[in-house]
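Structure file work-v2.cif (mmCIF, C-alpha atoms and all ligand atoms) follows.
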```cif
data_my_file
loop_
_atom_site.label_atom_id
_atom_site.label_comp_id
_atom_site.auth_asym_id
_atom_site.auth_seq_id
_atom_site.Cartn_x
_atom_site.Cartn_y
_atom_site.Cartn_z
CA MET A 1 0.00 0.00 0.00
CA GLU A 2 1.18 3.49 -0.91
CA ASN A 3 2.39 5.53 2.05
CA THR A 4 2.08 8.97 0.57
CA ALA A 5 -1.35 10.53 0.17
CA VAL A 6 -0.30 12.13 -3.11
CA ASN A 7 2.40 11.64 -5.66
CA ILE A 8 4.66 14.59 -5.14
CA ASP A 9 6.16 16.23 -8.17
CA TRP A 10 9.56 17.05 -6.70
CA ASP A 11 10.64 19.00 -9.79
CA LYS A 12 7.70 21.32 -9.25
CA ILE A 13 8.61 21.72 -5.58
CA ASP A 14 12.20 22.53 -6.57
CA ASN A 15 11.01 25.07 -9.12
CA ILE A 16 8.88 26.81 -6.51
CA ILE A 17 11.77 26.98 -4.05
CA GLU A 18 14.13 28.24 -6.76
CA SER A 19 11.60 30.83 -7.93
CA TYR A 20 11.99 32.44 -4.51
CA ASN A 21 15.81 32.10 -4.73
CA ARG A 22 15.76 29.69 -1.77
CA ASP A 23 14.99 32.71 0.38
CA ARG A 24 14.03 31.62 3.89
CA GLU A 25 12.06 34.86 4.28
CA SER A 26 9.73 33.49 1.60
CA LEU A 27 8.96 30.32 3.55
CA LEU A 28 5.26 31.12 3.99
CA MET A 29 4.81 32.00 0.30
CA ILE A 30 6.59 28.81 -0.75
CA MET A 31 4.39 26.76 1.58
CA GLN A 32 1.33 28.51 0.18
CA ASP A 33 2.37 27.80 -3.42
CA ILE A 34 2.85 24.11 -2.63
CA SER A 35 -0.52 24.04 -0.84
CA ASP A 36 -2.15 25.57 -3.90
CA ILE A 37 -1.06 22.54 -5.92
CA TYR A 38 -2.10 19.80 -3.47
CA ASN A 39 -4.73 21.63 -1.37
CA TYR A 40 -2.45 20.94 1.60
CA LEU A 41 1.21 20.88 2.44
CA PRO A 42 2.31 17.26 2.13
CA PRO A 43 4.32 16.51 5.30
CA GLU A 44 6.97 14.82 3.14
CA THR A 45 7.91 18.27 1.83
CA VAL A 46 8.74 19.62 5.29
CA PRO A 47 12.29 18.16 5.60
CA VAL A 48 13.02 19.20 2.02
CA LEU A 49 11.90 22.77 2.65
CA ALA A 50 13.92 22.88 5.86
CA ARG A 51 17.06 21.61 4.13
CA LYS A 52 16.83 23.78 1.05
CA LEU A 53 15.97 26.96 2.92
CA GLY A 54 18.33 26.32 5.80
CA VAL A 55 15.64 26.49 8.48
CA ARG A 56 14.58 24.06 11.20
CA GLU A 57 11.77 21.64 10.48
CA SER A 58 10.11 22.89 13.66
CA LEU A 59 9.85 26.35 12.08
CA VAL A 60 8.03 24.90 9.07
CA TYR A 61 5.64 23.06 11.40
CA SER A 62 4.97 26.14 13.49
CA VAL A 63 4.25 28.25 10.41
CA ALA A 64 1.88 25.50 9.21
CA SER A 65 0.03 25.44 12.50
CA PHE A 66 -0.16 29.23 12.78
CA TYR A 67 -1.66 29.95 9.37
CA LYS A 68 -5.14 28.63 8.74
CA THR A 69 -4.55 28.55 4.99
CA ILE A 70 -1.85 25.90 5.42
CA SER A 71 -2.76 22.37 6.40
CA LEU A 72 -0.59 19.29 6.81
CA GLU A 73 -3.66 17.10 6.40
CA PRO A 74 -5.14 16.41 2.97
CA ARG A 75 -7.99 18.82 2.32
CA GLY A 76 -10.79 19.01 -0.15
CA LYS A 77 -10.73 20.44 -3.65
CA TYR A 78 -13.19 23.01 -2.30
CA ILE A 79 -12.51 24.63 1.06
CA ILE A 80 -15.73 25.95 2.57
CA HIS A 81 -15.23 28.60 5.22
CA VAL A 82 -18.29 29.45 7.28
CA CYS A 83 -17.96 32.84 8.90
CA THR A 84 -18.76 32.60 12.59
CA GLY A 85 -18.01 36.24 13.36
CA THR A 86 -20.51 38.14 15.49
CA ALA A 87 -22.61 39.60 12.66
CA CYS A 88 -22.89 36.25 10.87
CA HIS A 89 -23.50 34.47 14.15
CA VAL A 90 -26.56 36.61 14.90
CA ARG A 91 -27.80 36.06 11.39
CA GLY A 92 -27.71 32.27 11.70
CA ALA A 93 -24.20 31.05 10.92
CA GLU A 94 -24.81 28.06 13.16
CA LYS A 95 -27.72 26.91 11.00
CA ILE A 96 -25.50 27.24 7.94
CA THR A 97 -22.87 25.05 9.56
CA GLN A 98 -25.46 22.45 10.61
CA SER A 99 -26.98 22.38 7.16
CA LEU A 100 -23.58 21.85 5.53
CA GLU A 101 -22.54 19.25 8.07
CA SER A 102 -25.61 17.15 7.46
CA ASP A 103 -25.46 17.55 3.68
CA LEU A 104 -21.76 16.71 3.42
CA GLY A 105 -21.80 14.08 6.18
CA ILE A 106 -18.86 15.64 8.01
CA ASN A 107 -18.30 17.85 11.03
CA GLU A 108 -16.70 21.27 11.00
CA GLY A 109 -12.95 20.82 10.60
CA GLN A 110 -13.29 17.67 8.50
CA THR A 111 -12.94 16.71 4.83
CA THR A 112 -15.34 14.53 2.86
CA GLU A 113 -14.07 11.06 2.04
CA ASP A 114 -13.95 11.85 -1.67
CA LYS A 115 -11.67 14.81 -0.84
CA MET A 116 -14.11 17.16 -2.51
CA PHE A 117 -15.05 19.46 0.41
CA THR A 118 -13.41 20.66 3.60
CA LEU A 119 -15.61 22.52 6.08
CA GLU A 120 -14.02 25.06 8.39
CA ALA A 121 -15.24 27.85 10.65
CA VAL A 122 -13.49 31.21 10.37
CA ARG A 123 -13.69 34.60 12.04
CA CYS A 124 -15.14 37.68 10.33
CA ILE A 125 -14.14 37.86 6.70
CA GLY A 126 -15.10 41.50 6.31
CA CYS A 127 -18.45 41.43 4.54
CA CYS A 128 -20.70 41.47 7.59
CA ALA A 129 -23.55 43.30 5.82
CA SER A 130 -24.06 40.24 3.60
CA GLY A 131 -24.12 37.73 6.46
CA PRO A 132 -24.37 34.92 6.96
CA VAL A 133 -21.44 34.46 4.65
CA ILE A 134 -19.40 31.53 3.41
CA THR A 135 -16.43 31.38 1.09
CA VAL A 136 -15.69 28.48 -1.21
CA ASN A 137 -12.04 28.76 -2.20
CA GLN A 138 -11.84 32.33 -3.55
CA ASP A 139 -15.60 32.90 -3.99
CA THR A 140 -17.78 34.63 -1.41
CA HIS A 141 -21.49 33.85 -1.00
CA GLY A 142 -23.74 35.87 1.29
CA GLY A 143 -27.33 36.23 2.45
CA LEU A 144 -27.61 32.49 2.93
CA ASP A 145 -30.04 30.28 4.78
CA ARG A 146 -30.24 26.53 5.42
CA SER A 147 -31.43 25.70 1.92
CA SER A 148 -29.72 28.34 -0.23
CA VAL A 149 -26.34 27.32 1.14
CA LEU A 150 -26.97 23.82 -0.18
CA GLU A 151 -27.79 25.24 -3.61
CA VAL A 152 -24.40 26.96 -3.54
CA VAL A 153 -22.65 23.72 -2.64
CA ASN A 154 -24.59 21.81 -5.30
CA GLU A 155 -23.21 24.18 -7.92
CA TYR A 156 -19.68 23.13 -6.93
CA LYS A 157 -20.70 19.47 -6.90
CA ARG A 158 -22.06 19.88 -10.42
CA SER A 159 -19.01 21.68 -11.74
CA ALA A 160 -16.74 19.03 -10.18
CA SER A 161 -18.59 16.25 -11.96
CA SER A 162 -18.84 17.96 -15.34
S1 LIG A 201 -19.07 38.56 10.87
FE1 LIG A 201 -19.22 37.38 9.07
S2 LIG A 201 -18.37 38.66 7.57
FE2 LIG A 201 -18.14 39.79 9.39
#
```
Would you mind giving the structure from this file in structure tokens?
Amino acid sequence: MENTAVNIDWDKIDNIIESYNRDRESLLMIMQDISDIYNYLPPETVPVLARKLGVRESLVYSVASFYKTISLEPRGKYIIHVCTGTACHVRGAEKITQSLESDLGINEGQTTEDKMFTLEAVRCIGCCASGPVITVNQDTHGGLDRSSVLEVVNEYKRSASS
């Protein structure tokens, strides 16, 4: 059985590191670029990053745990962020989360088995007037309720299967 969750394209990883001139100050950007390819930072890349940038592995791990956009666990193709800031909370963010959890069959913080969706709660994302708000990758959707949020997710399901 294969140990790695993904097949890592090491040439691509090298190219990313080189494109930042192996600059340790660019560690976060390099980690982000790698995450953009795999939807997470494969843990196998940590020792390589540490060696090539001349930093400790522990630094790479602490950056990964500090920034919500970086995950060492495989994540879904679509990352759903439910805003749980105050304005969205009063407008029913909890119902949005419950609706998504039951539709996707996962709890907040988890990824669907088919690696299609990851559901995460986040703090205010700055568009409180449109609350309750979710983002799916780079897209923002507001003014949602229990059922309209599922229509939004269905759009992504459809585009993934087409
Ligand atoms: S509280 Fe949700 S966008 Fe501000």
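What separates CA of Phe117 (chain A) from CA of Asn154 (chain A) is a distance of 11.4 Å.
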Report as a PDB file with C-alpha atoms, in the coordinates of the input which protein, DNA and RNA residues come within 7 Å of ligand LIG 201 (chain A), using all atoms listed in the file.
```pdb
ATOM      1  CA  CYS A  83     -17.960  32.840   8.900  1.00  0.00           C
ATOM      2  CA  THR A  84     -18.760  32.600  12.590  1.00  0.00           C
ATOM      3  CA  GLY A  85     -18.010  36.240  13.360  1.00  0.00           C
ATOM      4  CA  THR A  86     -20.510  38.140  15.490  1.00  0.00           C
ATOM      5  CA  ALA A  87     -22.610  39.600  12.660  1.00  0.00           C
ATOM      6  CA  CYS A  88     -22.890  36.250  10.870  1.00  0.00           C
ATOM      7  CA  HIS A  89     -23.500  34.470  14.150  1.00  0.00           C
ATOM      8  CA  ARG A 123     -13.690  34.600  12.040  1.00  0.00           C
ATOM      9  CA  CYS A 124     -15.140  37.680  10.330  1.00  0.00           C
ATOM     10  CA  ILE A 125     -14.140  37.860   6.700  1.00  0.00           C
ATOM     11  CA  GLY A 126     -15.100  41.500   6.310  1.00  0.00           C
ATOM     12  CA  CYS A 127     -18.450  41.430   4.540  1.00  0.00           C
ATOM     13  CA  CYS A 128     -20.700  41.470   7.590  1.00  0.00           C
ATOM     14  CA  GLY A 131     -24.120  37.730   6.460  1.00  0.00           C
ATOM     15  CA  PRO A 132     -24.370  34.920   6.960  1.00  0.00           C
ATOM     16  CA  VAL A 133     -21.440  34.460   4.650  1.00  0.00           C
TER      17      VAL A 133
END
```
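By all atoms listed in the file, and with residues fewer than 6 positions from Met116 (chain A) along its chain excluded, the set lying at most 9 Å from it is Arg75, Gly76, Lys77, Tyr78, Ile79, Lys157 and Ala160 of chain A.
Each of A:Val152, A:Ile34, A:Val63, A:Ala129 was checked against Val90 (chain A) using only C-alpha atoms; the smallest atom-to-atom distance is that of A:Ala129.
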Contacts of Glu120 (chain A) at 8 Å or less, counting all atoms listed in the file, minus same-chain residues fewer than 4 places along, as a ChimeraX atom specification?
-> /A:79-82,108-110
Could you put an axis-aligned box around every listed atom of region 30-47 of chain A, padded by 3 Å on each side, and send me its centre and edge lengths in Å to one decimal, as AutoDock Vina command-line options?
```
--center_x 3.8 --center_y 21.8 --center_z -0.2 --size_x 23.0 --size_y 20.0 --size_z 17.5
```
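The spacing separating CA of Ala50 (chain A) from CA of Tyr38 (chain A) amounts to 18.8 Å.
Among the candidates A:Glu57, A:Asp145, A:Glu101, A:Asp23, the residue lying nearest to Thr45 (chain A) is A:Glu57 (atoms considered: only C-alpha atoms).
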Straight-line distance linking CA of Gln138 (chain A) with CA of Arg91 (chain A), stated in Å to one decimal | 22.2 Å
